[in-house]
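Please read the structure below before turning to the comments.
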Amino acid sequence: MHAIMDKTGFASDTEHDPRWAAVLARDSRADGRFWYSVASTGVYCRPSCASRRARPENVRFHASCADAERAGFRPCKRCRPDQPGLHARQAAMVADACRLIESAEQAPGLATLAARAGLSQFHFHRVFKAVTGVTPKAYASAHRARRVRSELARSDSVTAAVYDAGFNASGRFYAQAGAMLGMRPGEFRAGGANTAIRFAIGECSLGAILVAASGRGICAITIGDDPDALARELQDQFGEAELIGGDAGFERLVAQVVGFVEAPRIGLDLPLDVRGTAFQQRVWQALRAIPAGATASYSEIARAIGAPKATRAVAGACASNPIAVAIPCHRVVRNDGGLSGYRWGVERKRALLEREARK
């Protein structure tokens with residue numbers, strides 16, 4: 001009778017422990033946070049283990065693999081809890097592929113990358129996109145664009161930059177230059193000279209708001225107290241570009257952006273001209289996946305893009321976001337739910353989140 005009561009008590013303790021829900025759901029997000037052992041089998045597992053569900057009275061929770069092994073349990077042969085999890089292995093594999101892409105003179109093909117990872121081309125392509133948010137080809141293109149920008153900034157000529165960036169033919173470079181730079185190479189080297197960027201400054205409940213657009217889409221939305229400071233910031237950002245005050249049609253676009261700021265749930269269906277590193281692009285893409293009324297922590301964004309240790313880099317990408325509200329970096333908060341820094345002021349961040357929370 002006493003043994004039955006003990007088992008009942010253990011079962012009750014387990015069932016009321018929030019970790020048990022993660023085990024029942026086989027929640028891979030809990031992997032690495034805790035491990036559980038099963039007295040009837042003598043093994044310990046990770047929460048996502050697909051083995052037969054244990055009875056709660058036989059389950060104990062452990063803070064580490066070492067704790068479980070000190071308690072006399074051996075690692076499960078199915079989920080291998082003492083080895084890196086599937087997501088960690090995939091992240092390491094993709095990181096290796098990214099380093100290969102970045103170090104190669106010519107971008108390696110999908111077959112080469114997949115063979116190095118020991119996967120089929122289809123499986124590798126799917127895993128790479130799931131981890132980075134982009135395809136291997138898109139990642140290589142983004143890296144090539146970054147190299148081109150860097151080489152154009154320091155090379156004596158466009159031709160030298162073309163070959164230093166890894167292109168073996170100038171024709172191929174010029175065919176892709178518009179997509180990589182948003183302008184002709186010579187214009188980029190000249191700080192954006194001869195590139196037209198339309199802009200206008202309006203007012204919203206958060207203060208002055210500047211909206212700027214190239215021929216490819218909106219390239220800047222900034223908010224502040226001083227309209228002149230916003231205009232100077234735009235000029236600094238685009239150097240020698242030709243800044244043109246918006247006409248009546250552009251003013252309507254600004255009004256549409258202001259409407260979105262005031263009522264974010266209506267959405268903003270406008271093309272964006274977003275330029276950044278491959279990592280920034282991954283972060284900004286993850287930010288746009290956060291729905292209005294929801295938030296995510298920096299560490300959650302880092303995990304979402306397959307870089308769980310890159311929390312600080314994620315924060316840096318948020319801070320460098322050039323397009324307020326449309327790329328909603330205001331929806332990223334600290335792990336405890338508190339508001340952290342915001343490029344356009346924490347009070348504006350609070351105001352945006354409060355209005356998005358309204359139904």
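We name chains A, B, ... following the order of the structure tokens; residues begin at 1 in each chain, and ligands are numbered from 1 as shown.
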Using only C-alpha atoms, which protein or nucleic acid residues come within 8 Å of region 228-231 of chain A? Drop anything in the same chain fewer than 5 positions from it, and give the result as a PDB file with N, CA and C atoms, in the first residue's frame.
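Saved to part.pdb:
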```
ATOM      1  N   ILE A 209       7.863  61.748 -39.356  1.00  0.00           N
ATOM      2  CA  ILE A 209       8.166  60.478 -40.011  1.00  0.00           C
ATOM      3  C   ILE A 209       8.648  60.759 -41.423  1.00  0.00           C
ATOM      4  N   LEU A 210       9.767  60.171 -41.780  1.00  0.00           N
ATOM      5  CA  LEU A 210      10.332  60.313 -43.124  1.00  0.00           C
ATOM      6  C   LEU A 210      10.187  58.996 -43.860  1.00  0.00           C
ATOM      7  N   THR A 222      11.965  56.456 -41.164  1.00  0.00           N
ATOM      8  CA  THR A 222      12.577  56.851 -39.897  1.00  0.00           C
ATOM      9  C   THR A 222      11.609  57.757 -39.143  1.00  0.00           C
ATOM     10  N   ILE A 223      11.725  57.740 -37.824  1.00  0.00           N
ATOM     11  CA  ILE A 223      10.820  58.486 -36.954  1.00  0.00           C
ATOM     12  C   ILE A 223      11.659  59.287 -35.962  1.00  0.00           C
TER      13      ILE A 223
END
```
task: Find the residues around Val274 (chain A) up to 12 Å (only C-alpha atoms counted), leave out those fewer than 4 positions away in its own chain, and share them as a PyMOL selection string.
output: chain A and resi 142+179-182+212-214+216-221+278+280-282+284-285+320-324+326-327
field: Coordinates-based distance that separates CA of Val314 (chain A) from CA of Ser103 (chain A) (Å, one decimal)
entry: 23.0 Å
query: Can you tell me, as a PyMOL selection string, what residues are no more than 9 Å from Gly109 (chain A) when counting only C-alpha atoms, ignoring any on the same chain fewer than 4 positions away?
result: chain A and resi 113-114+136-137
message: Need to verify the contact set: region 347-352 of chain A, 7 Å, only C-alpha atoms, exclusion of same-chain residues closer than 5 positions in sequence. Can you return it as a PyMOL selection string?
response: chain A and resi 206+330+342
Pull all heavy atoms from the residues just selected and write them as a short mmCIF file (atom, residue, chain, number, x, y, z; two decimals), in the first residue's frame.
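Ended up saving to part_1.cif:
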```
data_model
loop_
_atom_site.label_atom_id
_atom_site.label_comp_id
_atom_site.auth_asym_id
_atom_site.auth_seq_id
_atom_site.Cartn_x
_atom_site.Cartn_y
_atom_site.Cartn_z
N LEU A 206 3.55 59.51 -33.44
CA LEU A 206 4.85 59.24 -32.82
C LEU A 206 5.85 60.35 -33.09
O LEU A 206 6.99 60.28 -32.63
CB LEU A 206 5.39 57.91 -33.33
CG LEU A 206 4.53 56.67 -33.06
CD1 LEU A 206 5.20 55.43 -33.65
CD2 LEU A 206 4.29 56.49 -31.58
N HIS A 330 10.48 46.60 -33.49
CA HIS A 330 9.87 46.97 -32.20
C HIS A 330 9.19 45.78 -31.53
O HIS A 330 8.88 45.84 -30.34
CB HIS A 330 8.87 48.11 -32.39
CG HIS A 330 7.71 47.78 -33.28
ND1 HIS A 330 7.79 47.86 -34.66
CD2 HIS A 330 6.46 47.33 -32.99
CE1 HIS A 330 6.63 47.49 -35.17
NE2 HIS A 330 5.81 47.16 -34.20
N TYR A 342 15.58 50.81 -28.56
CA TYR A 342 14.91 50.90 -29.85
C TYR A 342 15.51 52.10 -30.57
O TYR A 342 15.66 53.19 -29.97
CB TYR A 342 13.40 51.07 -29.64
CG TYR A 342 12.57 51.12 -30.90
CD1 TYR A 342 12.66 50.12 -31.86
CD2 TYR A 342 11.68 52.17 -31.12
CE1 TYR A 342 11.89 50.15 -33.00
CE2 TYR A 342 10.89 52.21 -32.27
CZ TYR A 342 11.00 51.20 -33.20
OH TYR A 342 10.24 51.24 -34.34
#
```
task: Could you tell me how far CA of Ala263 (chain A) lies from CA of Gly293 (chain A), in Å and to one decimal?
output: 11.3 Å
field: DSSP strand (DSSP E) residues within region 160-350 of chain A, as an MDAnalysis selection string
entry: chainID A and resid 196:204 207:214 217:224 242:245 296:297 332:333
Residue among A:Arg265, A:Arg116, A:Arg331, A:His62 lying closest to Val38 (chain A), counting only C-alpha atoms: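 Nearest candidate to Val38 (chain A) out of A:Arg265, A:Arg116, A:Arg331, A:His62: A:His62.
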message: Please list as a ChimeraX atom specification every residue within 9 Å of Arg126 (chain A), counting only C-alpha atoms and excluding residues in the same chain fewer than 5 positions away.
response: /A:121,131,135
Please produce a file of those selected residues containing N, CA and C atoms, as an mmCIF file, in the first residue's frame.
```cif
data_model
loop_
_atom_site.group_PDB
_atom_site.id
_atom_site.type_symbol
_atom_site.label_atom_id
_atom_site.label_comp_id
_atom_site.auth_asym_id
_atom_site.auth_seq_id
_atom_site.Cartn_x
_atom_site.Cartn_y
_atom_site.Cartn_z
ATOM 1 N N GLN A 121 20.755 16.253 -52.545
ATOM 2 C CA GLN A 121 20.615 17.674 -52.887
ATOM 3 C C GLN A 121 19.289 18.229 -52.377
ATOM 4 N N VAL A 131 17.181 26.540 -41.963
ATOM 5 C CA VAL A 131 18.086 27.112 -40.966
ATOM 6 C C VAL A 131 18.351 28.587 -41.230
ATOM 7 N N THR A 135 17.800 30.206 -49.679
ATOM 8 C CA THR A 135 18.373 29.057 -50.365
ATOM 9 C C THR A 135 19.895 29.210 -50.439
#
```
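Across the model, the gap from CA of Leu272 (chain A) to CA of Arg288 (chain A) is 11.8 Å.
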Please list as a short mmCIF file (atom, residue, chain, number, x, y, z; two decimals) with N, CA and C atoms, in the first residue's frame every residue within 9 Å of region 299-307 of chain A, counting only C-alpha atoms and excluding residues in the same chain fewer than 6 positions away.
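Result file follows (out_33.cif):
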```
data_model
loop_
_atom_site.label_atom_id
_atom_site.label_comp_id
_atom_site.auth_asym_id
_atom_site.auth_seq_id
_atom_site.Cartn_x
_atom_site.Cartn_y
_atom_site.Cartn_z
N HIS A 87 18.75 19.79 -34.41
CA HIS A 87 18.83 21.18 -34.84
C HIS A 87 20.26 21.71 -34.73
N ALA A 88 20.94 21.32 -33.66
CA ALA A 88 22.33 21.76 -33.50
C ALA A 88 23.22 21.17 -34.60
N GLN A 90 22.24 20.22 -37.59
CA GLN A 90 21.89 20.87 -38.84
C GLN A 90 22.48 22.28 -38.91
N ALA A 91 22.42 23.00 -37.78
CA ALA A 91 22.98 24.35 -37.75
C ALA A 91 24.49 24.32 -38.01
N VAL A 94 25.06 23.58 -41.74
CA VAL A 94 24.78 24.74 -42.57
C VAL A 94 25.86 25.81 -42.38
N ALA A 95 26.32 25.98 -41.14
CA ALA A 95 27.40 26.95 -40.90
C ALA A 95 28.65 26.57 -41.68
N ALA A 130 15.67 26.01 -44.24
CA ALA A 130 15.01 26.03 -42.94
C ALA A 130 15.87 26.72 -41.88
N VAL A 131 17.18 26.54 -41.96
CA VAL A 131 18.09 27.11 -40.97
C VAL A 131 18.35 28.59 -41.23
N THR A 132 18.61 28.95 -42.49
CA THR A 132 19.03 30.32 -42.80
C THR A 132 17.88 31.22 -43.26
N GLY A 133 16.79 30.61 -43.72
CA GLY A 133 15.70 31.41 -44.27
C GLY A 133 15.87 31.72 -45.74
N PHE A 279 23.25 37.91 -43.08
CA PHE A 279 22.74 37.71 -41.71
C PHE A 279 21.64 38.70 -41.40
N ARG A 282 18.43 37.71 -42.99
CA ARG A 282 17.76 36.60 -42.29
C ARG A 282 17.02 37.11 -41.07
N VAL A 283 17.66 38.01 -40.31
CA VAL A 283 17.01 38.57 -39.12
C VAL A 283 15.78 39.37 -39.51
N ALA A 286 12.91 37.25 -40.45
CA ALA A 286 12.28 36.66 -39.26
C ALA A 286 11.42 37.68 -38.53
N LEU A 287 11.85 38.95 -38.50
CA LEU A 287 11.05 39.99 -37.86
C LEU A 287 9.72 40.18 -38.57
N ALA A 313 24.30 39.50 -32.08
CA ALA A 313 24.30 39.87 -33.49
C ALA A 313 22.88 40.17 -33.97
N VAL A 314 21.90 39.43 -33.44
CA VAL A 314 20.50 39.71 -33.76
C VAL A 314 20.12 41.10 -33.29
N VAL A 332 10.54 42.96 -30.95
CA VAL A 332 11.54 42.12 -30.28
C VAL A 332 11.80 42.69 -28.89
N ARG A 334 13.17 41.73 -24.55
CA ARG A 334 14.10 40.92 -23.76
C ARG A 334 13.45 39.58 -23.41
N ASN A 335 14.26 38.64 -22.93
CA ASN A 335 13.73 37.32 -22.56
C ASN A 335 12.66 37.40 -21.48
#
```
message: Neighbouring residues of Glu262 (chain A) were defined as those with any atom within 9 Å, considering only C-alpha atoms; residues of the same chain fewer than 4 positions away were excluded. Please report them as a PyMOL selection string.
response: chain A and resi 204-206+257-258+352+355
Store the residues of this selection in a file with C-alpha atoms, as a PDB file, in the first residue's frame.
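Writing done, so here's selection.pdb:
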```pdb
ATOM      1  CA  CYS A 204       2.146  60.915 -37.119  1.00  0.00           C
ATOM      2  CA  SER A 205       1.240  60.332 -33.495  1.00  0.00           C
ATOM      3  CA  LEU A 206       4.846  59.242 -32.824  1.00  0.00           C
ATOM      4  CA  VAL A 257       2.672  54.552 -44.251  1.00  0.00           C
ATOM      5  CA  VAL A 258       1.302  56.925 -41.589  1.00  0.00           C
ATOM      6  CA  LEU A 352       3.614  50.710 -31.111  1.00  0.00           C
ATOM      7  CA  ARG A 355      -1.642  49.879 -30.265  1.00  0.00           C
TER       8      ARG A 355
END
```
- request: Go through A:Ala241, A:Val43, A:Ala248, A:Ala50 one by one, measure the shortest atom-to-atom distance of each to Glu69 (chain A) using only C-alpha atoms, and give the residue with the smallest value.
  value: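 Of A:Ala241, A:Val43, A:Ala248, A:Ala50, the one nearest Glu69 (chain A) is A:Val43, counting only C-alpha atoms.
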task: Within region 43-84 of chain A, find each residue whose DSSP state, derived from the backbone, is alpha helix (DSSP H), and express the selection as a PyMOL selection string.
output: chain A and resi 65-70
